[in-house]
Number of protein chains: 2
Amino acid sequence: MPAPVANTYPAAAVDVMLAEIRFDPQGLVPAIAQQHDSGEVLMMAWMDRNAVIETMTTGRVCYWSRTRRVRWRKGDTSGHIQTLVDFRIDCDGDTLLVLVDQTGVACHTGRHNCFFRAIREGKLREIVPVLVDTEKTGKD
Amino acid sequence: MPAPVANTYPAAAVDVMLAEIRFDPQGLVPAIAQQHDSGEVLMMAWMDRNAVIETMTTGRVCYWSRTRRVRWRKGDTSGHIQTLVDFRIDCDGDTLLVLVDQTGVACHTGRHNCFFRAIREGKLREIVPVLVDTEKTGKD
């Protein structure tokens with residue numbers, strides 16, 4: 001299947017979406033990134049108002065890093081970009097679901113998704129393999 | 001396919017998981033619920049420490065309601081329960097992914113999932129149909 005073309009939205013549609021989002025007291029909203037075709041949940045991160053605008057306007061998914069306190073366009077360092085396929089909001093307006101086409105891996109550890117730890121035989125195990133050496137690619 | 005049997009964990013495994021979770025200053029962690037077989041992202045809600053314990057011990061998914069300030073075992077009112085299939089934690093320990101088998105619908109609006117609003121032709125549209133009248137079933 002060819003990679004999808006980035007989905008972008010005109011300014012009026014971005015405003016419609018912004019009006020529906022209930023940002024938290026820090027001005028942030030959680031955004032779940034899901035691979036559009038496989039359904040794999042890749043990661044969860046946070047967006048501020050400008051990350052929403054940047055994501056919807058450019059079709060390249062952007063987040064707000066709470067630890068580094070900077071906006072962060074996924075893949076700018078590593079090349080592991082997320083191309084926007086659809087931008088959805090939940091019933092309460094306080095969580096976003098972005099359907100994406102992930103280039104490379106989503107997780108800074110080099111795994112395809114961030115949810116790679118689960119209990120197996122009573123122990124915490126890593127259930128997703130490392131695919132990329134992110135010491136070499138960078139870790140965004 | 002038969003419905004999966006609820007996955008439950010012994011106390012020692014629950015403790016292993018609790019030790020990995022980085023609860024926020026309010027003592028909460030976001031939990032994404034995903035239908036285990038289809039990959040559909042059903043909802044996102046919050047768990048406190050006791051909701052994690054209850055979920056992992058009983059195999060019935062429980063959350064913490066931030067608005068009502070009560071623990072909330074999904075489906076106790078509506079019958080729309082979530083049977084636990086797998087309990088995963090992300091790289092940073094600050095987001096959970098629960099794979100579930102959803103009975104009925106996940107959304108309090110009667111839709112199968114909460115992420116039913118998206119932009120279509122420049123307008124905010126509802127892209128998931130209402131399947132259940134939750135005025136009759138209750139809305140948990």
# chains A, B, ... in the order shown; residues from 1 in each chain; ligands from 1
>>> closest_atom_pairs(of="chain A", to="chain B", cutoff="8 Å", atoms="only C-alpha atoms", output="CSV")
residue,atom,partner,partner_atom,distance
A:Tyr9,CA,B:Gly122,CA,7.7
A:Pro10,CA,B:Gly122,CA,7.5
A:Ala12,CA,B:Gly122,CA,7.3
A:Ala13,CA,B:Gly122,CA,5.1
A:Val16,CA,B:Leu124,CA,7.0
A:Met17,CA,B:Leu124,CA,7.3
A:Ser38,CA,B:Gly39,CA,7.6
A:Gly39,CA,B:Gly39,CA,4.9
A:Glu40,CA,B:Gly39,CA,6.5
A:Val41,CA,B:Val41,CA,7.9
A:Met43,CA,B:Asp90,CA,7.8
A:Met44,CA,B:Thr95,CA,7.1
A:Asp86,CA,B:Ala118,CA,7.6
A:Phe87,CA,B:Ala118,CA,6.1
A:Arg88,CA,B:Ala118,CA,4.6
A:Ile89,CA,B:Phe115,CA,5.3
A:Asp90,CA,B:Phe115,CA,4.1
A:Cys91,CA,B:Cys114,CA,5.3
A:Thr95,CA,B:Met44,CA,7.1
A:Leu96,CA,B:Phe115,CA,7.6
A:Leu97,CA,B:Phe115,CA,6.8
A:Cys107,CA,B:Cys91,CA,7.7
A:Thr109,CA,B:Cys91,CA,7.6
A:Cys114,CA,B:Asp90,CA,4.9
A:Phe115,CA,B:Asp90,CA,4.1
A:Phe116,CA,B:Asp90,CA,6.3
A:Arg117,CA,B:Ile89,CA,5.4
A:Ala118,CA,B:Arg88,CA,4.6
A:Ile119,CA,B:Ala13,CA,6.9
A:Gly122,CA,B:Ala13,CA,5.1
A:Lys123,CA,B:Ala13,CA,6.6
A:Leu124,CA,B:Val16,CA,7.0
>>> write_last_selection(atoms="C-alpha atoms", output="PDB file, in the first residue's frame")
ATOM      1  CA  TYR A   9      -7.053  21.160   7.244  1.00  0.00           C
ATOM      2  CA  PRO A  10      -7.944  24.737   6.306  1.00  0.00           C
ATOM      3  CA  ALA A  12     -11.531  27.453   9.501  1.00  0.00           C
ATOM      4  CA  ALA A  13     -11.597  23.696  10.235  1.00  0.00           C
ATOM      5  CA  VAL A  16     -13.737  24.414  14.634  1.00  0.00           C
ATOM      6  CA  MET A  17     -11.603  21.731  16.254  1.00  0.00           C
ATOM      7  CA  SER A  38      -3.037  -1.738  11.533  1.00  0.00           C
ATOM      8  CA  GLY A  39      -4.792  -0.139  14.513  1.00  0.00           C
ATOM      9  CA  GLU A  40      -1.614  -0.350  16.598  1.00  0.00           C
ATOM     10  CA  VAL A  41      -1.593   2.179  19.448  1.00  0.00           C
ATOM     11  CA  MET A  43       2.129   6.323  21.806  1.00  0.00           C
ATOM     12  CA  MET A  44       0.367   8.935  23.877  1.00  0.00           C
ATOM     13  CA  ASP A  86      -7.269  11.753  10.538  1.00  0.00           C
ATOM     14  CA  PHE A  87      -7.738  14.000  13.569  1.00  0.00           C
ATOM     15  CA  ARG A  88     -10.514  12.966  15.972  1.00  0.00           C
ATOM     16  CA  ILE A  89     -11.815  14.206  19.301  1.00  0.00           C
ATOM     17  CA  ASP A  90     -13.713  12.307  21.964  1.00  0.00           C
ATOM     18  CA  CYS A  91     -17.173  12.810  23.429  1.00  0.00           C
ATOM     19  CA  THR A  95      -8.759  13.539  24.530  1.00  0.00           C
ATOM     20  CA  LEU A  96      -7.579  13.454  20.917  1.00  0.00           C
ATOM     21  CA  LEU A  97      -7.019  10.456  18.659  1.00  0.00           C
ATOM     22  CA  CYS A 107       9.143   4.962  20.615  1.00  0.00           C
ATOM     23  CA  THR A 109      13.653   3.282  22.706  1.00  0.00           C
ATOM     24  CA  CYS A 114       5.711   2.699  23.430  1.00  0.00           C
ATOM     25  CA  PHE A 115       3.457   0.119  25.152  1.00  0.00           C
ATOM     26  CA  PHE A 116       5.989  -2.679  25.179  1.00  0.00           C
ATOM     27  CA  ARG A 117       5.942  -3.617  28.870  1.00  0.00           C
ATOM     28  CA  ALA A 118       3.486  -6.167  30.265  1.00  0.00           C
ATOM     29  CA  ILE A 119       3.330  -8.901  32.883  1.00  0.00           C
ATOM     30  CA  GLY A 122       4.431 -12.778  36.978  1.00  0.00           C
ATOM     31  CA  LYS A 123       7.330 -10.639  35.733  1.00  0.00           C
ATOM     32  CA  LEU A 124       7.471  -7.361  33.837  1.00  0.00           C
TER      33      LEU A 124
END
>>> select_by_dssp(residues="stretch 33-103 of chain B", states="helix (DSSP H, G or I)", output="tab-separated table (two decimals) with N, CA and C atoms, in the first residue's frame")
chain	number	residue	atom	x	y	z
B	49	ARG	N	-4.44	4.56	41.99
B	49	ARG	CA	-3.76	3.33	42.44
B	49	ARG	C	-4.77	2.19	42.69
B	50	ASN	N	-5.86	2.53	43.32
B	50	ASN	CA	-6.84	1.47	43.64
B	50	ASN	C	-7.58	0.98	42.40
B	51	ALA	N	-7.77	1.82	41.41
B	51	ALA	CA	-8.38	1.37	40.16
B	51	ALA	C	-7.46	0.38	39.44
B	52	VAL	N	-6.16	0.64	39.50
B	52	VAL	CA	-5.20	-0.30	38.91
B	52	VAL	C	-5.28	-1.64	39.64
B	53	ILE	N	-5.30	-1.60	40.96
B	53	ILE	CA	-5.36	-2.83	41.76
B	53	ILE	C	-6.64	-3.60	41.44
B	54	GLU	N	-7.77	-2.87	41.45
B	54	GLU	CA	-9.08	-3.51	41.18
B	54	GLU	C	-9.11	-4.12	39.78
B	55	THR	N	-8.62	-3.38	38.80
B	55	THR	CA	-8.62	-3.86	37.42
B	55	THR	C	-7.78	-5.13	37.28
B	56	MET	N	-6.57	-5.10	37.80
B	56	MET	CA	-5.66	-6.23	37.62
B	56	MET	C	-6.07	-7.44	38.46
B	57	THR	N	-6.67	-7.19	39.59
B	57	THR	CA	-7.03	-8.29	40.50
B	57	THR	C	-8.30	-8.99	40.06
B	58	THR	N	-9.27	-8.21	39.54
B	58	THR	CA	-10.58	-8.79	39.20
B	58	THR	C	-10.74	-9.06	37.71
>>> residues_around(residues="A:Val29", least_positions_apart="3", cutoff="7 Å", atoms="only C-alpha atoms", output="list of chain:residue names")
A:Phe23, A:Asp24, A:Trp46, A:Met47, A:Asp48, A:Asp94, A:Thr95
>>> atom_distance(atom1="atom CA of B:Gln102", atom2="atom CA of B:His80")
7.0 Å
>>> select_by_dssp(residues="chain A", states="strand (DSSP E or B)", output="VMD selection string")
chain A and resid 29 to 35 41 to 47 60 62 to 65 70 to 73 82 to 89 96 to 102 111 117 to 120 123 to 126 130
>>> residues_around(residues="B:Arg69", least_positions_apart="3", cutoff="12 Å", atoms="only C-alpha atoms", output="PyMOL selection string")
chain B and resi 26+28+46-48+63-66+72
>>> write_last_selection(atoms="C-alpha atoms", output="PDB file, in the first residue's frame")
ATOM      1  CA  GLN B  26      -3.189  14.068  41.540  1.00  0.00           C
ATOM      2  CA  LEU B  28      -3.742   9.504  38.468  1.00  0.00           C
ATOM      3  CA  TRP B  46      -7.923   7.813  34.334  1.00  0.00           C
ATOM      4  CA  MET B  47      -6.908   5.301  36.976  1.00  0.00           C
ATOM      5  CA  ASP B  48      -5.802   5.892  40.519  1.00  0.00           C
ATOM      6  CA  TYR B  63     -11.330   3.956  36.416  1.00  0.00           C
ATOM      7  CA  TRP B  64     -11.281   7.069  38.553  1.00  0.00           C
ATOM      8  CA  SER B  65     -13.806   9.733  37.595  1.00  0.00           C
ATOM      9  CA  ARG B  66     -12.151  13.137  37.881  1.00  0.00           C
ATOM     10  CA  TRP B  72     -15.973   3.675  38.751  1.00  0.00           C
TER      11      TRP B  72
END
>>> atom_distance(atom1="atom CA of B:Asp140", atom2="atom CA of B:Val85")
20.0 Å
>>> decode(residues="stretch 47-66 of chain B", atoms="N, CA and C atoms", output="short mmCIF file (atom, residue, chain, number, x, y, z; two decimals), in the first residue's frame")
data_model
loop_
_atom_site.label_atom_id
_atom_site.label_comp_id
_atom_site.auth_asym_id
_atom_site.auth_seq_id
_atom_site.Cartn_x
_atom_site.Cartn_y
_atom_site.Cartn_z
N MET B 47 -6.92 6.25 35.86
CA MET B 47 -6.91 5.30 36.98
C MET B 47 -6.11 5.89 38.13
N ASP B 48 -6.62 5.66 39.34
CA ASP B 48 -5.80 5.89 40.52
C ASP B 48 -5.21 4.53 40.93
N ARG B 49 -4.44 4.56 41.99
CA ARG B 49 -3.76 3.33 42.44
C ARG B 49 -4.77 2.19 42.69
N ASN B 50 -5.86 2.53 43.32
CA ASN B 50 -6.84 1.47 43.64
C ASN B 50 -7.58 0.98 42.40
N ALA B 51 -7.77 1.82 41.41
CA ALA B 51 -8.38 1.37 40.16
C ALA B 51 -7.46 0.38 39.44
N VAL B 52 -6.16 0.64 39.50
CA VAL B 52 -5.20 -0.30 38.91
C VAL B 52 -5.28 -1.64 39.64
N ILE B 53 -5.30 -1.60 40.96
CA ILE B 53 -5.36 -2.83 41.76
C ILE B 53 -6.64 -3.60 41.44
N GLU B 54 -7.77 -2.87 41.45
CA GLU B 54 -9.08 -3.51 41.18
C GLU B 54 -9.11 -4.12 39.78
N THR B 55 -8.62 -3.38 38.80
CA THR B 55 -8.62 -3.86 37.42
C THR B 55 -7.78 -5.13 37.28
N MET B 56 -6.57 -5.10 37.80
CA MET B 56 -5.66 -6.23 37.62
C MET B 56 -6.07 -7.44 38.46
N THR B 57 -6.67 -7.19 39.59
CA THR B 57 -7.03 -8.29 40.50
C THR B 57 -8.30 -8.99 40.06
N THR B 58 -9.27 -8.21 39.54
CA THR B 58 -10.58 -8.79 39.20
C THR B 58 -10.74 -9.06 37.71
N GLY B 59 -9.92 -8.42 36.84
CA GLY B 59 -10.11 -8.58 35.40
C GLY B 59 -11.28 -7.77 34.86
N ARG B 60 -11.85 -6.92 35.66
CA ARG B 60 -12.90 -5.98 35.23
C ARG B 60 -12.31 -4.58 35.30
N VAL B 61 -12.37 -3.83 34.19
CA VAL B 61 -11.65 -2.56 34.14
C VAL B 61 -12.38 -1.49 34.95
N CYS B 62 -11.60 -0.82 35.81
CA CYS B 62 -12.09 0.25 36.68
C CYS B 62 -11.30 1.53 36.42
N TYR B 63 -11.96 2.65 36.61
CA TYR B 63 -11.33 3.96 36.42
C TYR B 63 -11.62 4.84 37.62
N TRP B 64 -10.99 6.01 37.59
CA TRP B 64 -11.28 7.07 38.55
C TRP B 64 -11.94 8.22 37.79
N SER B 65 -13.13 8.61 38.22
CA SER B 65 -13.81 9.73 37.60
C SER B 65 -13.31 11.03 38.21
N ARG B 66 -12.67 11.86 37.38
CA ARG B 66 -12.15 13.14 37.88
C ARG B 66 -13.28 14.11 38.19
#
